[in-house]
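What follows is one structure encoded as structure tokens, with my remarks underneath.
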Amino acid sequence: MNTKDAGMRIRIERDLRDAFVQACQSQGLAAAEVLRDFMRSFAAKHSAEQAQLFGQSKPERP
């Protein structure tokens with residue numbers, strides 16, 4: 001696994017945060033890992049779309 005050496009701080013409504021953390025806990029998942037998984041998926045999807053837009057082959061996943 002890669003070293004986690006960067007952070008991101010976001011401001012959200014307390015109700016949204018609480019609901020998200022509760023949903024993660026009910027699935028036995030860490031909220032941070034769920035967010036990292038979403039970020040990887042989102043970045044990969046949009047990176048592939050950009051490659052297609054410019055006629056490049058689909059980039060490899062890390």
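Every chain in the structure tokens takes a letter, A first, then B, and so on in the order presented; its residues are numbered from 1, and the ligands are numbered from 1 following the presented order.
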
Extract the full set of helix (DSSP H, G or I) residues from chain A according to DSSP on the backbone, and format it as a PyMOL selection string. chain A and resi 14-26+31-53

Atomic separation - CA of Glu13 in chain A relative to CA of Ala32 in chain A, Å: 16.9 Å

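With only C-alpha atoms as the atoms that count, the minimum distance from Ala6 in chain A to the choices A:Phe54, A:Asp18, A:Arg36, A:Leu29 is reached by A:Arg36.
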
Please list as an mmCIF file with N, CA, C and O atoms, in the first residue's frame every residue within 12 Å of Val34 in chain A, counting only C-alpha atoms and excluding residues in the same chain fewer than 4 positions away.
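So result-v9.cif came out as:
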data_model
loop_
_atom_site.group_PDB
_atom_site.id
_atom_site.type_symbol
_atom_site.label_atom_id
_atom_site.label_comp_id
_atom_site.auth_asym_id
_atom_site.auth_seq_id
_atom_site.Cartn_x
_atom_site.Cartn_y
_atom_site.Cartn_z
ATOM 1 N N PHE A 20 -22.978 9.826 7.192
ATOM 2 C CA PHE A 20 -21.954 9.101 6.438
ATOM 3 C C PHE A 20 -21.148 8.189 7.354
ATOM 4 O O PHE A 20 -20.961 7.000 7.056
ATOM 5 N N VAL A 21 -20.694 8.715 8.473
ATOM 6 C CA VAL A 21 -19.908 7.916 9.417
ATOM 7 C C VAL A 21 -20.742 6.750 9.938
ATOM 8 O O VAL A 21 -20.256 5.614 10.020
ATOM 9 N N ALA A 23 -23.256 5.265 8.419
ATOM 10 C CA ALA A 23 -23.425 4.293 7.328
ATOM 11 C C ALA A 23 -22.158 3.459 7.153
ATOM 12 O O ALA A 23 -22.233 2.241 6.950
ATOM 13 N N CYS A 24 -21.008 4.095 7.239
ATOM 14 C CA CYS A 24 -19.743 3.363 7.125
ATOM 15 C C CYS A 24 -19.591 2.365 8.262
ATOM 16 O O CYS A 24 -19.250 1.199 8.041
ATOM 17 N N GLN A 25 -19.852 2.819 9.482
ATOM 18 C CA GLN A 25 -19.730 1.942 10.650
ATOM 19 C C GLN A 25 -20.679 0.754 10.562
ATOM 20 O O GLN A 25 -20.308 -0.358 10.916
ATOM 21 N N GLN A 27 -21.503 -0.785 8.041
ATOM 22 C CA GLN A 27 -20.960 -1.734 7.067
ATOM 23 C C GLN A 27 -19.593 -2.271 7.498
ATOM 24 O O GLN A 27 -18.955 -3.022 6.763
ATOM 25 N N GLY A 28 -19.117 -1.814 8.665
ATOM 26 C CA GLY A 28 -17.811 -2.258 9.154
ATOM 27 C C GLY A 28 -16.658 -1.640 8.382
ATOM 28 O O GLY A 28 -15.588 -2.246 8.274
ATOM 29 N N LEU A 29 -16.878 -0.443 7.843
ATOM 30 C CA LEU A 29 -15.869 0.224 7.025
ATOM 31 C C LEU A 29 -15.411 1.518 7.686
ATOM 32 O O LEU A 29 -16.181 2.172 8.384
ATOM 33 N N ALA A 30 -14.169 1.870 7.442
ATOM 34 C CA ALA A 30 -13.655 3.150 7.914
ATOM 35 C C ALA A 30 -14.064 4.237 6.923
ATOM 36 O O ALA A 30 -13.942 4.056 5.703
ATOM 37 N N PHE A 38 -13.711 6.047 -3.195
ATOM 38 C CA PHE A 38 -14.490 6.900 -4.090
ATOM 39 C C PHE A 38 -13.577 7.788 -4.922
ATOM 40 O O PHE A 38 -13.758 7.927 -6.137
ATOM 41 N N MET A 39 -12.575 8.385 -4.283
ATOM 42 C CA MET A 39 -11.667 9.282 -4.989
ATOM 43 C C MET A 39 -10.896 8.540 -6.086
ATOM 44 O O MET A 39 -10.738 9.053 -7.199
ATOM 45 N N ARG A 40 -10.433 7.332 -5.782
ATOM 46 C CA ARG A 40 -9.721 6.530 -6.803
ATOM 47 C C ARG A 40 -10.636 6.233 -7.989
ATOM 48 O O ARG A 40 -10.240 6.380 -9.145
ATOM 49 N N SER A 41 -11.848 5.812 -7.699
ATOM 50 C CA SER A 41 -12.810 5.475 -8.743
ATOM 51 C C SER A 41 -13.150 6.695 -9.594
ATOM 52 O O SER A 41 -13.168 6.630 -10.829
#
